[in-house]
There are 4 protein chains.
Amino acid sequence: MIENSAGENIVIKVSIVGASAYTGCELIDILLRHPEVEIVHLGGRREGRPEISGIFPSLRGRCDMRLGGPGPDDAPEKPDVAFFTLPHGISQQYVPEYLKAGVRCIDFSSDYRFADIGVYREHYGEHGDPQNVARAVYGIPELFRNRIKGADLVANPGCYPTSVLLGLAPLLGTGTIGAGNIVVDAKSGVSGRGNKPSPGSLYCECNENITAYSIGAHRHAPEMEQGIRMLGGEGAGVLFVPHLVPMDRGILSTIYVGLTEDADPAGIQSTMADYYAGEPFIRVLPAGRQPATKNVMRTNYCDIAVEPVGGGRAVITSAIDNLGRGAASQAVQNMNAMLGLDEALGLR
Amino acid sequence: MIENSAGENIVIKVSIVGASAYTGCELIDILLRHPEVEIVHLGGRREGRPEISGIFPSLRGRCDMRLGGPGPDDAPEKPDVAFFTLPHGISQQYVPEYLKAGVRCIDFSSDYRFADIGVYREHYGEHGDPQNVARAVYGIPELFRNRIKGADLVANPGCYPTSVLLGLAPLLGTGTIGAGNIVVDAKSGVSGRGNKPSPGSLYCECNENITAYSIGAHRHAPEMEQGIRMLGGEGAGVLFVPHLVPMDRGILSTIYVGLTEDADPAGIQSTMADYYAGEPFIRVLPAGRQPATKNVMRTNYCDIAVEPVGGGRAVITSAIDNLGRGAASQAVQNMNAMLGLDEALGLR
Amino acid sequence: MIENSAGENIVIKVSIVGASAYTGCELIDILLRHPEVEIVHLGGRREGRPEISGIFPSLRGRCDMRLGGPGPDDAPEKPDVAFFTLPHGISQQYVPEYLKAGVRCIDFSSDYRFADIGVYREHYGEHGDPQNVARAVYGIPELFRNRIKGADLVANPGCYPTSVLLGLAPLLGTGTIGAGNIVVDAKSGVSGRGNKPSPGSLYCECNENITAYSIGAHRHAPEMEQGIRMLGGEGAGVLFVPHLVPMDRGILSTIYVGLTEDADPAGIQSTMADYYAGEPFIRVLPAGRQPATKNVMRTNYCDIAVEPVGGGRAVITSAIDNLGRGAASQAVQNMNAMLGLDEALGLR
Amino acid sequence: MIENSAGENIVIKVSIVGASAYTGCELIDILLRHPEVEIVHLGGRREGRPEISGIFPSLRGRCDMRLGGPGPDDAPEKPDVAFFTLPHGISQQYVPEYLKAGVRCIDFSSDYRFADIGVYREHYGEHGDPQNVARAVYGIPELFRNRIKGADLVANPGCYPTSVLLGLAPLLGTGTIGAGNIVVDAKSGVSGRGNKPSPGSLYCECNENITAYSIGAHRHAPEMEQGIRMLGGEGAGVLFVPHLVPMDRGILSTIYVGLTEDADPAGIQSTMADYYAGEPFIRVLPAGRQPATKNVMRTNYCDIAVEPVGGGRAVITSAIDNLGRGAASQAVQNMNAMLGLDEALGLR
């Protein structure tokens with residue numbers, strides 16, 4: 001635990017590996033405002049050790065550190081916690097070293113999200129660090145809080161699965177809906193594509209446009225299905241269709257579910273609200289209100305609504321900021337939970 | 001028919017009632033490029049008879065006519081065709097007079113879309129012109145061409161139903177999919193809201209935002225269900241969830257359907273392509289390609305793709321320009337069809 | 001002063017009058033994160049005392065207070081500081097009462113910005129509270145810090161003048177540039193128009209569009225000229241042309257100035273940088289870098305660059321967030337300065 | 001001339017070299033609607049001879065030709081006119097061959113824009129085809145119509161210079177303004193950057209952002225100065241500052257000029273209007289109206305306004321579509337003019 005001899009919290013020393021990604025910038029922005037964190041190391045593989053504020057000018061004067069090497073020995077002092085804002089396949093190259101050095105790890109990639117490594121292999125390919133997979137905890141604090149506390153490796157969930165699992169959990173857990181035949185129609189802002197130049201990320205291709213992609217074949221679907229099973233859903237089956245929307249940030253997931261025979265459509269809104277009562281970052285909206293990505297922008301909130309629509313069906317809508325709750329701010333909430341701190345520290 | 005004694009096409013004289021709507025501006029823009037049309041009358045209820053190019057400065061120098069009164073007697077000469085770009089409830093106040101005066105009518109509102117006036121009453125309220133409802137033809141030319149030809153009153157379909165019915169028709173008609181339990185998750189640009197100032201249409205409310213609205217309760221759902229029945233679908237049932245997307249124009253409908261037992265998933269793309277072979281305005285995309293609203297912007301195209309996704313299901317995606325194929329250009333295609341002209345005249 | 005008997009800072013009780021404006025929402029958002037502030041009263045004139053989080057759903061769960069009446073007696077307890085996020089002409093109706101009640105006032109409107117009330121009358125019309133005008137201090141902390149400290153009425157500057165005066169001050173103050181013939185070509189996001197529905201603020205009018213307005217006739221020009229005179233510029237003359245840009249937030253001012261004969265073009269960047277050395281919220285960019293509104297979004301920063309361009313001229317560019325540094329966060333910086341606190345409190 | 005033995009217009013055979021650029025797509029879109037044009041060849045250097053509609057899906061079903069090689073021998077039949085939508089330095093490699101083959105050439109790059117090749121060399125580097133430079137005509141039809149008619153090589157102007165020179169011409173030509181100390185503050189949509197992926201063209205970098213670039217150092221400034229001299233302006237001097245605006249298309253140039261001593265400020269609007277009387281593509285707005293890029297989108301229009309602002313100064317604002325009048329549609333107008341056709345053919 002991060003405390004001094006008097007039992008007081010002390011500063012948490014943090015390393016961010018892969019800091020030149022959009023999620024790295026977002027994480028730096030959040031951690032700079034966290035009262036108990038000091039960033040001691042930004043790791044990456046860019047040549048010439050550029051200043052991070054040259055890559056992200058919004059950070060100028062707030063964080064002008066240089067990118068160092070990616071390994072734990074590249075950190076000027078040993079961090080307490082390392083965040084990996086790296087693509088899948090790359091995180092697994094660095095996480096083992098940090099774990100070995102006694103650093104708690106929070107990984108943004110899919111490398112440690114799948115308890116069954118066979119699922120990972122099927123969807124992502126070979127895995128270079130299978131032995132640490134079992135050690136990893138899937139990090140949605142509201143749902144898996146107990147496992148996160150004390151963990152030394154947290155797999156920060158995908159942005160789409162976060163929005164979907166937070167929307168489904170209360171109704172799955174109470175047997176209000178079934179786990180099969182769930183349709184997820186999700187809409188994401190462009191920052192989800194990252195900051196590597198590619199034709200599909202150009203302004204003139206994305207602006208004034210909406211399109212679906214990876215229909216029924218996106219790798220976040222098996223992650224959702226794993227999450228549904230973790231929440232007690234038998235026979236989990238998700239048909240997932242993501243869309244690209246002309247906005248910087250935000251995910252809205254529209255989730256079509258079937259109610260179980262015993263479920264009372266009139267009660268599902270309050271079932272949802274009760275489930276998250278007291279949670280500081282989940283806002284279950286009153287009947288008739290709909291989540292909007294703008295209302296959660298640059299926050300750790302997940303706004304959720306549910307509408308019974310007749311025919312034994314309901315529609316759940318769930319909005320998050322893909323860079324915030326879908327990545328960086330959820331990672332910070334996970335860090336707080338791992339260390340036994342107030343989960344909301346630095347996130348309000 | 002609009003021909004002179006020698007049997008040659010002559011100019012079609014056109015009236016646009018409600019010209020100060022976005023759809024009116026779009027219609028003027030299209031008709032100015034139609035080789036056989038002369039706009040003789042812009043009708044409306046704005047005081048002071050403003051120039052239309054003062055309301056829509058893009059029209060300056062191209063159409064500087066003034067808005068006149070809304071009735072057929074307000075036209076300086078008798079039009080051959082009148083378009084009504086008015087809200088529901090208002091069109092029905094003017095259409096009867098125009099019909100009585102022997103003017104062919106194309107109505108953009110929902111007033112004449114429902115063969116069963118009981119459905120109209122349930123969703124829109126009382127109807128002031130029930131006797132002309134039976135005379136009206138529902139105007140999607142590719143699907144209902146024969147009825148449109150020679151009609152004197154065409155109900156121009158809603159923007160969402162146009163995109164959905166064009167996507168469903170080939171598979172419904174061939175028994176590939178069933179008519180029940182269809183889920184339509186649609187995304188529309190903001191121009192669908194019209195140009196009347198309201199909080200929900202402000203730039204700062206719509207930009208960088210996406211939200212669902214009217215979940216399971218939008219009035220375009222019964223219009224879709226009527227269309228499905230017209231296409232032979234028994235037990236039509238649509239769960240429709242529209243969303244507002246930060247872009248001017250465009251609708252993308254993502255349609256979740258169940259295949260019938262006899263259907264061959266591998267063949268649905270070619271079923272779709274065959275159905276629309278030779279149609280100038282429907283582009284069925286090859287497997288692996290997805291429609292994007294940007295590709296149909298300011299055109300009369302509907303781009304469609306279909307993907308089998310396992311479990312006896314398929315996802316149809318359909319993109320149109322809500323102001324074009326979803327309103328003005330489809331109305332012009334309907335006019336061409338009504339008059340026995342080449343449907344594509346003025347629309348390429 | 002806001003301190004307890006032990007001389008420690010205590011909570012500052014705050015009233016916001018006009019809270020249903022975009023600037024009100026922004027101010028609430030900032031003050032909720034200020035460690036020494038408690039919002040005790042939201043004043044307005046909306047009927048039915050709606051919850052502020054119903055008007056601005058992003059505030060749900062963070063600030064669910066109801067709008068009360070606009071006067072000091074409507075506050076449940078006496079505030080220490082009142083912010084007025086009201087239009088000009090309206091602030092002057094409420095500020096006198098609050099001053100009389102011993103409440104320090106920070107006004108977002110132009111009502112108290114002009115030391116010479118004749119200038120106000122020329123550009124805005126009659127003034128209902130001329131006696132308090134002399135009491136008001138013009139609030140750009142970096143430039144007028146000494147007068148702000150201890151003031152009981154601060155006129156929070158206009159968004160455009162803030163960006164322009166911060167850009168000009170270092171060069172005016174050092175005699176590097178002259179005060180006459182300054183051209184300001186400024187570009188603003190749409191939130192500057194407020195949240196009252198009007199045709200010019202609709203999404204479909206602003207999106208994919210840029211236009212100039214109020215050429216040479218905008219009321220922020222005399223405010224800039226007053227500021228230039230306050231900074232020692234003789235014969236102040238500004239030609240100001242604002243433009244509306246399709247984005248939510250941000251102002252970029254491009255300022256064309258003439259160097260004085262003695263000025264050394266090569267030295268102006270360092271003159272600028274030296275002037276603001278140590279200021280936490282002004283970032284003078286190195287040569288070759290340009291401010292971008294995105295880099296200052298949702299912050300109190302003003303990013304500034306200056307380029308000598310030959311012919312005895314230079315171009316200054318200055319970027320702020322119009323709702324932040326151009327309104328709410330500058331107001332909080334002013335509050336901190338008035339109360340003798342660290343100006344950056346709650347703003348990092 | 002392109003006519004048959006009976007003196008009737010016949011089809012103009014067209015080659016487009018560099019068709020995979022945004023300007024190439026725009027040009028194809030326009031030429032497909034030109035009643036006298038047949039595209040016979042799309043040239044480029046992409047491997048595998050891809051279909052142009054695979055690169056630009058909006059062209060599917062309208063133009064599915066494959067990209068061929070870039071030379072005149074790669075065309076299946078000899079074109080009458082070739083358009084070069086290539087970057088500077090590349091056009092000059094192909095134009096000579098086409099000229100030698102007797103093909104009229106219209107070049108979108110800067111390669112043939114400068115009569116004084118020394119200016120080209122100073123700003124762009126060496127030139128591989130100096131001998132054809134003298135043969136080239138600078139193509140703004142309203143200003144240089146006589147030289148364009150019959151030319152066999154037209155240099156299609158830069159997008160920024162087009163907007164600026166059309167704005168300045170009437171006042172320069174009448175001695176209303178002087179040619180020195182002109183300040184041009186221009187704002188462009190992102191398509192001006194082309195479709196090559198680069199960090200500065202990413203959606204998330206451009207959206208919700210505005211920034212200046214190349215202050216006083218953009219290569220379009222000497223092009224503007226040459227144009228001003230061609231229009232009779234002595235001592236031409238332009239300070240040019242371009243900005244990048246979050247929109248697909250459009251340029252707005254705000255031009256600050258000094259009136260000559262004899263000029264009558266009250267008369268400049270009518271001077272402007274008179275100058276362009278009868279021009280189909282220039283709309284001089286009435287006093288009090290401002291051009292907006294949205295009003296000229298996807299057209300060949302240039303909308304212009306002028307406002308006297310006191311102090312012997314005036315502000316000209318000029319709006320075009322950078323891909324239309326700033327590139328492809330102006331090129332088509334040039335083609336029409338070269339061939340002695342109605343300049344407006346295919347452009348209304």
# chains A, B, ... in the order shown; residues from 1 in each chain; ligands from 1
>>> interface_residues(of="chain B", to="chain A", cutoff="6 Å", atoms="only C-alpha atoms", output="ChimeraX atom specification")
/B:208-211,216,247,292-294,309
>>> residues_around(residues="B:Cys105", least_positions_apart="6", cutoff="9 Å", atoms="only C-alpha atoms", output="list in words")
Asp80, Val81, Ala82, Phe83, Phe84, Val95, Tyr98, Leu99, Ala151, Asp152, Leu153, Val154, Ala155 and Met335 of chain B
>>> write_last_selection(atoms="N, CA and C atoms", output="CSV table (one decimal), in the first residue's frame")
chain,number,residue,atom,x,y,z
B,80,ASP,N,-48.8,22.6,-63.5
B,80,ASP,CA,-49.1,21.3,-63.8
B,80,ASP,C,-49.0,20.4,-62.6
B,81,VAL,N,-48.0,20.7,-61.8
B,81,VAL,CA,-47.7,19.9,-60.6
B,81,VAL,C,-47.4,20.8,-59.4
B,82,ALA,N,-47.9,20.4,-58.3
B,82,ALA,CA,-47.6,21.2,-57.0
B,82,ALA,C,-47.0,20.2,-56.0
B,83,PHE,N,-45.9,20.8,-55.4
B,83,PHE,CA,-45.2,20.1,-54.3
B,83,PHE,C,-45.6,20.8,-53.0
B,84,PHE,N,-45.8,20.0,-52.0
B,84,PHE,CA,-46.2,20.5,-50.7
B,84,PHE,C,-45.1,20.2,-49.7
B,95,VAL,N,-54.0,20.7,-50.3
B,95,VAL,CA,-54.0,19.7,-51.3
B,95,VAL,C,-55.4,19.6,-52.0
B,98,TYR,N,-55.9,22.2,-54.8
B,98,TYR,CA,-55.0,21.9,-55.9
B,98,TYR,C,-55.6,20.8,-56.8
B,99,LEU,N,-56.0,19.7,-56.1
B,99,LEU,CA,-56.6,18.6,-56.8
B,99,LEU,C,-57.8,19.0,-57.6
B,151,ALA,N,-50.8,8.7,-61.4
B,151,ALA,CA,-51.5,9.1,-60.2
B,151,ALA,C,-51.6,10.6,-60.2
B,152,ASP,N,-52.6,11.1,-59.5
B,152,ASP,CA,-52.6,12.6,-59.4
B,152,ASP,C,-52.3,13.1,-57.9
B,153,LEU,N,-52.1,12.1,-57.0
B,153,LEU,CA,-51.7,12.5,-55.7
B,153,LEU,C,-50.7,11.5,-55.2
B,154,VAL,N,-49.5,11.9,-55.0
B,154,VAL,CA,-48.5,11.0,-54.5
B,154,VAL,C,-48.0,11.5,-53.1
B,155,ALA,N,-48.1,10.6,-52.1
B,155,ALA,CA,-47.5,10.8,-50.8
B,155,ALA,C,-46.1,10.5,-50.8
B,335,MET,N,-42.4,12.7,-59.5
B,335,MET,CA,-43.0,13.6,-60.6
B,335,MET,C,-42.8,13.0,-62.0
>>> residues_around(residues="C:Leu202", least_positions_apart="2", cutoff="8 Å", atoms="only C-alpha atoms", output="list in words")
Asn195, Pro197, Ser201, Leu202 and Tyr203 of chain B; Pro197, Ser198, Pro199, Gly200, Cys204, Glu205 and Cys206 of chain C
>>> select_by_dssp(residues="stretch 13-68 of chain D", states="alpha helix (DSSP H)", output="list in words")
Tyr22, Thr23, Gly24, Cys25, Glu26, Leu27, Ile28, Asp29, Ile30, Leu31, Ile52, Ser53, Gly54 and Ile55 of chain D
>>> write_last_selection(atoms="N, CA, C and O atoms", output="PDB file, in the first residue's frame")
ATOM      1  N   TYR D  22      -8.507  14.734 -54.327  1.00  0.00           N
ATOM      2  CA  TYR D  22      -9.861  15.253 -54.112  1.00  0.00           C
ATOM      3  C   TYR D  22     -10.311  16.114 -55.295  1.00  0.00           C
ATOM      4  O   TYR D  22     -11.474  16.075 -55.695  1.00  0.00           O
ATOM      5  N   THR D  23      -9.409  16.927 -55.817  1.00  0.00           N
ATOM      6  CA  THR D  23      -9.775  17.784 -56.947  1.00  0.00           C
ATOM      7  C   THR D  23     -10.106  16.940 -58.177  1.00  0.00           C
ATOM      8  O   THR D  23     -10.939  17.335 -58.991  1.00  0.00           O
ATOM      9  N   GLY D  24      -9.475  15.770 -58.295  1.00  0.00           N
ATOM     10  CA  GLY D  24      -9.802  14.879 -59.403  1.00  0.00           C
ATOM     11  C   GLY D  24     -11.214  14.347 -59.277  1.00  0.00           C
ATOM     12  O   GLY D  24     -11.986  14.332 -60.246  1.00  0.00           O
ATOM     13  N   CYS D  25     -11.578  13.935 -58.089  1.00  0.00           N
ATOM     14  CA  CYS D  25     -12.930  13.425 -57.842  1.00  0.00           C
ATOM     15  C   CYS D  25     -13.964  14.503 -58.140  1.00  0.00           C
ATOM     16  O   CYS D  25     -14.977  14.255 -58.804  1.00  0.00           O
ATOM     17  N   GLU D  26     -13.681  15.709 -57.662  1.00  0.00           N
ATOM     18  CA  GLU D  26     -14.605  16.822 -57.895  1.00  0.00           C
ATOM     19  C   GLU D  26     -14.746  17.094 -59.392  1.00  0.00           C
ATOM     20  O   GLU D  26     -15.842  17.346 -59.902  1.00  0.00           O
ATOM     21  N   LEU D  27     -13.633  17.047 -60.090  1.00  0.00           N
ATOM     22  CA  LEU D  27     -13.641  17.319 -61.530  1.00  0.00           C
ATOM     23  C   LEU D  27     -14.450  16.254 -62.264  1.00  0.00           C
ATOM     24  O   LEU D  27     -15.253  16.566 -63.158  1.00  0.00           O
ATOM     25  N   ILE D  28     -14.262  15.000 -61.917  1.00  0.00           N
ATOM     26  CA  ILE D  28     -15.046  13.922 -62.539  1.00  0.00           C
ATOM     27  C   ILE D  28     -16.524  14.168 -62.300  1.00  0.00           C
ATOM     28  O   ILE D  28     -17.345  14.103 -63.217  1.00  0.00           O
ATOM     29  N   ASP D  29     -16.865  14.494 -61.051  1.00  0.00           N
ATOM     30  CA  ASP D  29     -18.259  14.731 -60.691  1.00  0.00           C
ATOM     31  C   ASP D  29     -18.872  15.824 -61.571  1.00  0.00           C
ATOM     32  O   ASP D  29     -20.009  15.711 -62.033  1.00  0.00           O
ATOM     33  N   ILE D  30     -18.121  16.875 -61.799  1.00  0.00           N
ATOM     34  CA  ILE D  30     -18.633  17.984 -62.617  1.00  0.00           C
ATOM     35  C   ILE D  30     -18.707  17.577 -64.087  1.00  0.00           C
ATOM     36  O   ILE D  30     -19.704  17.827 -64.775  1.00  0.00           O
ATOM     37  N   LEU D  31     -17.663  16.951 -64.580  1.00  0.00           N
ATOM     38  CA  LEU D  31     -17.626  16.627 -66.007  1.00  0.00           C
ATOM     39  C   LEU D  31     -18.691  15.590 -66.379  1.00  0.00           C
ATOM     40  O   LEU D  31     -19.180  15.595 -67.515  1.00  0.00           O
ATOM     41  N   ILE D  52     -11.556   3.981 -60.124  1.00  0.00           N
ATOM     42  CA  ILE D  52     -11.673   5.267 -59.437  1.00  0.00           C
ATOM     43  C   ILE D  52     -12.823   5.223 -58.423  1.00  0.00           C
ATOM     44  O   ILE D  52     -12.763   5.872 -57.371  1.00  0.00           O
ATOM     45  N   SER D  53     -13.854   4.426 -58.691  1.00  0.00           N
ATOM     46  CA  SER D  53     -14.983   4.361 -57.749  1.00  0.00           C
ATOM     47  C   SER D  53     -14.653   3.515 -56.525  1.00  0.00           C
ATOM     48  O   SER D  53     -15.399   3.535 -55.542  1.00  0.00           O
ATOM     49  N   GLY D  54     -13.537   2.807 -56.565  1.00  0.00           N
ATOM     50  CA  GLY D  54     -13.056   2.157 -55.346  1.00  0.00           C
ATOM     51  C   GLY D  54     -12.358   3.167 -54.449  1.00  0.00           C
ATOM     52  O   GLY D  54     -12.441   3.103 -53.223  1.00  0.00           O
ATOM     53  N   ILE D  55     -11.701   4.142 -55.072  1.00  0.00           N
ATOM     54  CA  ILE D  55     -11.042   5.213 -54.311  1.00  0.00           C
ATOM     55  C   ILE D  55     -12.080   6.218 -53.810  1.00  0.00           C
ATOM     56  O   ILE D  55     -12.030   6.663 -52.665  1.00  0.00           O
TER      57      ILE D  55
END
>>> residues_around(residues="stretch 278-283 of chain C", least_positions_apart="5", cutoff="8 Å", atoms="only C-alpha atoms", output="list of chain:residue names")
A:Arg60, A:Gly61, C:Glu142, C:Asn300, C:Tyr301, C:Cys302, C:Asp303, C:Ile304, C:Ala344
>>> write_last_selection(atoms="N, CA and C atoms", output="compact mmCIF listing (two decimals), in the first residue's frame")
# COMPACT_ATOMS: atom_id res chain seq x y z
N ARG A 60 1.47 21.75 -22.86
CA ARG A 60 2.56 22.71 -22.66
C ARG A 60 2.42 23.43 -21.32
N GLY A 61 3.49 23.47 -20.58
CA GLY A 61 3.48 24.18 -19.31
C GLY A 61 2.86 23.36 -18.18
N GLU C 142 -3.89 39.39 -15.33
CA GLU C 142 -2.48 39.57 -15.67
C GLU C 142 -2.15 41.03 -15.95
N ASN C 300 -8.20 27.80 -18.67
CA ASN C 300 -8.06 29.25 -18.49
C ASN C 300 -6.85 29.80 -19.25
N TYR C 301 -6.23 28.97 -20.07
CA TYR C 301 -5.04 29.43 -20.79
C TYR C 301 -5.37 30.45 -21.87
N CYS C 302 -4.39 31.32 -22.12
CA CYS C 302 -4.34 32.08 -23.35
C CYS C 302 -3.00 31.74 -24.00
N ASP C 303 -3.05 31.15 -25.20
CA ASP C 303 -1.84 30.82 -25.93
C ASP C 303 -1.58 31.93 -26.96
N ILE C 304 -0.34 32.40 -26.99
CA ILE C 304 -0.02 33.56 -27.84
C ILE C 304 1.25 33.30 -28.63
N ALA C 344 -4.73 30.94 -9.19
CA ALA C 344 -4.91 29.68 -9.91
C ALA C 344 -5.79 28.68 -9.17
>>> closest_residue(among="D:Cys63, D:Val17, D:Ile268, D:Ile10", to="D:Leu341", atoms="only C-alpha atoms")
D:Ile10
>>> residues_around(residues="A:Glu38", least_positions_apart="3", cutoff="9 Å", atoms="only C-alpha atoms", output="ChimeraX atom specification")
/A:11-15,31-32,34-35
